[in-house]
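A.B. asks: Structure incoming, see below.
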Amino acid sequence: MKILGISGGTPNGNNDAMCKQSLMGAESMGAQVQFINLNQLHIAHCTGCKACVMGLFSGKGSLCVLKDDFAWLLDQMYDSDGIIWSVPIFEKGATGLFHTITDRFGPRMDRGNLTIAAKISAERGGKEIDPRFLQDKLVSYMGVGGSDWTTRVQCDFGMQALTPMWKIIDNRVFPWSLDIMMNDEALAAANQVGVNMAQAADRPEKAVYQGEAGICCHCHSRNFYLQEDGKAICCLCGIEGRMEVADGKYQFIFPEEQLAHAHDTLSGKFTHGDDIQRNESKARAAMSTDEAKRRKQVYRDYIQSSKPEKGA
């Protein structure tokens, strides 16, 4: 089995150390390991051009127009049996570079879109979808923070796994970690993340989540959007229900049928895809009118983007 470790931190810094400690744990269980530091790659921001998804649904594949190191990184991810991330915590959440990776995954790597596109390509004789993209993948996350401002990062991690529907094994947070290389307890925990991943990759059909239960019993998220009418919406999987307190503990209660609409399930993704298709049709009709063209021209002519002068 092959386990890939990805660090989003400074080369040879705390995140590299935690990631490598996890790889040591995986290697002790017989895994082959590989390590990548994201900051040594060139990963461009997604521009939202939609070329990838348009190609996907026209049977031409899902190639991105941006020419950088992302395609290489994607290959390394899908050639592995499990992935372990170690990412710095910036202002309660994951780094901008990690969010860029998340952005580059969607919608071209969305499991629902890929499943639909594979059917379209088969029916029309189009380009075959890489079969690796339709297989289950195991992933673990570690967030390493310099303070106790950490309340967003686990949800950020879950968002990255949600698009390709990867199975999360561990989702850990390490606060107050400027000296984490000297923290034997934290290093032992990182090592266990690697052990857990290797064991899960050895028998992926038996793999289960090893982290804290969280509040949402479906996706283990602790982040919720609370509405004035008492409705609670899980910020990660999108399940709608209500929050109750029993024995001094929060409980997220939701009807069972909501599981079919969860954003990390194929049924939920297909529902979302239908909603997007209806909205796209409505938007195309609205934006093809003369009034839409007139308004667009007004904004184009009003002001242009400022940019630095060459040589300044």
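In the structure tokens, the first chain shown is A, the next is B, and so on; residue numbers restart at 1 for each chain, and ligands run from 1 in the order shown.
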So which residues touch Lys20 in chain A within 12 Å, counting only C-alpha atoms, skipping near sequence neighbours fewer than 3 positions away, as JSON, numbers by chain?

C.D. replies: {"A": [3, 4, 5, 6, 7, 11, 12, 13, 14, 15, 16, 17, 23, 24, 25, 26, 27, 33, 34, 35, 36, 37, 84, 85, 86, 142, 181, 187, 188, 190, 191, 192, 193, 194]}

A.B. asks: Write out as a short mmCIF file (atom, residue, chain, number, x, y, z; two decimals) with all heavy atoms, in the first residue's frame each polymer residue whose atoms come within 8 Å of Asp81 in chain A, counting only C-alpha atoms; drop sequence neighbours fewer than 4 positions from it.

C.D. replies:
```
data_model
loop_
_atom_site.label_atom_id
_atom_site.label_comp_id
_atom_site.auth_asym_id
_atom_site.auth_seq_id
_atom_site.Cartn_x
_atom_site.Cartn_y
_atom_site.Cartn_z
N MET A 1 0.85 -1.20 0.00
CA MET A 1 0.00 0.00 0.00
C MET A 1 0.88 1.24 0.00
O MET A 1 2.00 1.21 0.50
CB MET A 1 -0.93 -0.02 1.21
CG MET A 1 -0.38 0.65 2.45
SD MET A 1 -1.25 0.32 3.98
CE MET A 1 -0.84 -1.40 4.27
N LYS A 2 0.37 2.34 -0.55
CA LYS A 2 1.11 3.59 -0.63
C LYS A 2 0.35 4.70 0.09
O LYS A 2 -0.82 4.93 -0.20
CB LYS A 2 1.35 3.98 -2.08
CG LYS A 2 2.10 5.31 -2.26
CD LYS A 2 2.26 5.64 -3.73
CE LYS A 2 2.90 7.00 -3.93
NZ LYS A 2 3.01 7.35 -5.36
N ILE A 3 1.02 5.37 1.02
CA ILE A 3 0.42 6.49 1.75
C ILE A 3 1.16 7.77 1.38
O ILE A 3 2.39 7.84 1.47
CB ILE A 3 0.49 6.26 3.27
CG1 ILE A 3 -0.15 4.92 3.66
CG2 ILE A 3 -0.18 7.42 4.01
CD1 ILE A 3 -1.59 4.76 3.25
N LEU A 4 0.41 8.77 0.98
CA LEU A 4 0.96 10.07 0.59
C LEU A 4 0.75 11.07 1.71
O LEU A 4 -0.37 11.24 2.20
CB LEU A 4 0.26 10.56 -0.68
CG LEU A 4 0.56 12.00 -1.13
CD1 LEU A 4 2.03 12.16 -1.49
CD2 LEU A 4 -0.34 12.39 -2.31
N LYS A 137 -11.51 6.77 -1.76
CA LYS A 137 -10.18 7.19 -1.32
C LYS A 137 -10.24 7.50 0.16
O LYS A 137 -11.22 8.03 0.67
CB LYS A 137 -9.75 8.42 -2.11
CG LYS A 137 -8.36 8.96 -1.77
CD LYS A 137 -7.27 8.05 -2.27
CE LYS A 137 -7.31 7.92 -3.78
NZ LYS A 137 -6.24 7.01 -4.28
N LEU A 138 -9.16 7.17 0.87
CA LEU A 138 -9.07 7.43 2.31
C LEU A 138 -8.22 8.67 2.55
O LEU A 138 -7.20 8.87 1.88
CB LEU A 138 -8.44 6.23 3.02
CG LEU A 138 -9.12 4.87 2.79
CD1 LEU A 138 -8.32 3.77 3.47
CD2 LEU A 138 -10.55 4.89 3.30
N ALA A 201 -6.12 1.55 5.01
CA ALA A 201 -5.77 1.28 3.62
C ALA A 201 -5.57 -0.22 3.38
O ALA A 201 -5.77 -0.70 2.26
CB ALA A 201 -4.52 2.05 3.23
#
```

A.B. asks: Name the residues in contact with range 224-232 of chain A at a cut-off of 7 Å, using only C-alpha atoms, excluding same-chain residues fewer than 5 positions from it; report them as an MDAnalysis selection string.

C.D. replies: chainID A and resid 240:243

A.B. asks: Output the selection as a CSV table (one decimal), in the first residue's frame - all heavy atoms for each residue.

C.D. replies:
```csv
chain,number,residue,atom,x,y,z
A,240,GLU,N,-30.5,19.3,7.3
A,240,GLU,CA,-31.3,20.3,8.1
A,240,GLU,C,-32.1,19.6,9.2
A,240,GLU,O,-32.7,18.6,9.0
A,240,GLU,CB,-32.3,21.0,7.1
A,240,GLU,CG,-31.6,21.8,6.0
A,240,GLU,CD,-32.6,22.5,5.1
A,240,GLU,OE1,-33.8,22.5,5.4
A,240,GLU,OE2,-32.1,23.1,4.1
A,241,GLY,N,-32.0,20.2,10.4
A,241,GLY,CA,-32.7,19.7,11.5
A,241,GLY,C,-32.9,20.7,12.6
A,241,GLY,O,-33.0,21.9,12.3
A,242,ARG,N,-32.7,20.3,13.8
A,242,ARG,CA,-32.8,21.2,15.0
A,242,ARG,C,-31.8,20.8,16.0
A,242,ARG,O,-31.4,19.6,16.1
A,242,ARG,CB,-34.2,21.3,15.5
A,242,ARG,CG,-34.6,20.0,16.2
A,242,ARG,CD,-36.1,20.1,16.7
A,242,ARG,NE,-36.4,18.9,17.6
A,242,ARG,CZ,-36.8,17.7,17.1
A,242,ARG,NH1,-36.8,17.5,15.8
A,242,ARG,NH2,-37.1,16.7,17.9
A,243,MET,N,-31.4,21.7,16.9
A,243,MET,CA,-30.4,21.5,17.9
A,243,MET,C,-31.2,21.3,19.2
A,243,MET,O,-32.0,22.2,19.6
A,243,MET,CB,-29.4,22.6,18.0
A,243,MET,CG,-28.1,22.2,18.7
A,243,MET,SD,-27.1,21.0,17.7
A,243,MET,CE,-26.6,22.0,16.3
```

A.B. asks: Assign secondary structure with DSSP using the backbone only, and return the residues of range 96-244 of chain A in alpha helix (DSSP H) as a ChimeraX atom specification.

C.D. replies: /A:96-105,111-124,153-162,184-202

A.B. asks: Limited to C-alpha atoms, could you put the picked residues into a file as an mmCIF file, in the first residue's frame?

C.D. replies:
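Result went into again-v3.cif, see below:
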```cif
data_model
loop_
_atom_site.group_PDB
_atom_site.id
_atom_site.type_symbol
_atom_site.label_atom_id
_atom_site.label_comp_id
_atom_site.auth_asym_id
_atom_site.auth_seq_id
_atom_site.Cartn_x
_atom_site.Cartn_y
_atom_site.Cartn_z
ATOM 1 C CA GLY A 96 -5.524 29.973 1.311
ATOM 2 C CA LEU A 97 -3.385 27.437 -0.563
ATOM 3 C CA PHE A 98 -5.426 24.574 0.912
ATOM 4 C CA HIS A 99 -8.623 26.362 -0.133
ATOM 5 C CA THR A 100 -7.180 26.729 -3.632
ATOM 6 C CA ILE A 101 -6.733 22.943 -3.761
ATOM 7 C CA THR A 102 -10.369 22.580 -2.647
ATOM 8 C CA ASP A 103 -11.485 25.033 -5.352
ATOM 9 C CA ARG A 104 -9.515 23.196 -8.033
ATOM 10 C CA PHE A 105 -11.292 19.942 -7.100
ATOM 11 C CA ARG A 111 -18.012 12.382 -7.593
ATOM 12 C CA GLY A 112 -21.572 13.108 -8.691
ATOM 13 C CA ASN A 113 -20.467 15.033 -11.777
ATOM 14 C CA LEU A 114 -17.933 12.355 -12.668
ATOM 15 C CA THR A 115 -20.528 9.593 -12.300
ATOM 16 C CA ILE A 116 -22.933 11.412 -14.636
ATOM 17 C CA ALA A 117 -20.130 12.283 -17.078
ATOM 18 C CA ALA A 118 -18.962 8.652 -17.206
ATOM 19 C CA LYS A 119 -22.457 7.611 -18.278
ATOM 20 C CA ILE A 120 -22.631 10.378 -20.888
ATOM 21 C CA SER A 121 -19.223 9.428 -22.324
ATOM 22 C CA ALA A 122 -20.169 5.749 -22.491
ATOM 23 C CA GLU A 123 -23.408 6.552 -24.331
ATOM 24 C CA ARG A 124 -21.830 9.021 -26.774
ATOM 25 C CA VAL A 153 -10.414 24.286 10.294
ATOM 26 C CA GLN A 154 -12.022 20.846 10.658
ATOM 27 C CA CYS A 155 -14.997 21.992 8.600
ATOM 28 C CA ASP A 156 -12.580 23.315 5.961
ATOM 29 C CA PHE A 157 -10.950 19.893 5.828
ATOM 30 C CA GLY A 158 -14.301 18.162 5.484
ATOM 31 C CA MET A 159 -15.179 20.457 2.576
ATOM 32 C CA GLN A 160 -12.130 19.251 0.654
ATOM 33 C CA ALA A 161 -13.123 15.599 1.177
ATOM 34 C CA LEU A 162 -16.783 16.289 0.360
ATOM 35 C CA ASP A 184 5.853 14.022 22.630
ATOM 36 C CA GLU A 185 2.101 13.614 23.136
ATOM 37 C CA ALA A 186 1.333 15.460 19.887
ATOM 38 C CA LEU A 187 3.998 13.508 18.006
ATOM 39 C CA ALA A 188 2.520 10.254 19.295
ATOM 40 C CA ALA A 189 -0.920 11.381 18.115
ATOM 41 C CA ALA A 190 0.482 12.189 14.658
ATOM 42 C CA ASN A 191 2.161 8.795 14.559
ATOM 43 C CA GLN A 192 -1.181 7.167 15.385
ATOM 44 C CA VAL A 193 -2.813 9.040 12.505
ATOM 45 C CA GLY A 194 -0.342 7.271 10.225
ATOM 46 C CA VAL A 195 -0.955 3.904 11.871
ATOM 47 C CA ASN A 196 -4.718 4.393 11.533
ATOM 48 C CA MET A 197 -4.356 5.279 7.860
ATOM 49 C CA ALA A 198 -2.200 2.252 7.088
ATOM 50 C CA GLN A 199 -4.638 -0.057 8.840
ATOM 51 C CA ALA A 200 -7.566 1.512 6.981
ATOM 52 C CA ALA A 201 -5.774 1.275 3.620
ATOM 53 C CA ASP A 202 -4.977 -2.381 4.279
#
```

A.B. asks: Which value, in Å to one decimal, gives the distance between CA of Gly125 in chain A and CA of Lys60 in chain A?

C.D. replies: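 CA of Gly125 in chain A sits 9.9 Å away from CA of Lys60 in chain A.
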
A.B. asks: From the list A:Asp75, A:Ser288, A:Gly9, A:His261, which residue is nearest Asp275 in chain A when using only C-alpha atoms?

C.D. replies: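 Of A:Asp75, A:Ser288, A:Gly9, A:His261, the one nearest Asp275 in chain A, counting only C-alpha atoms, is A:His261.
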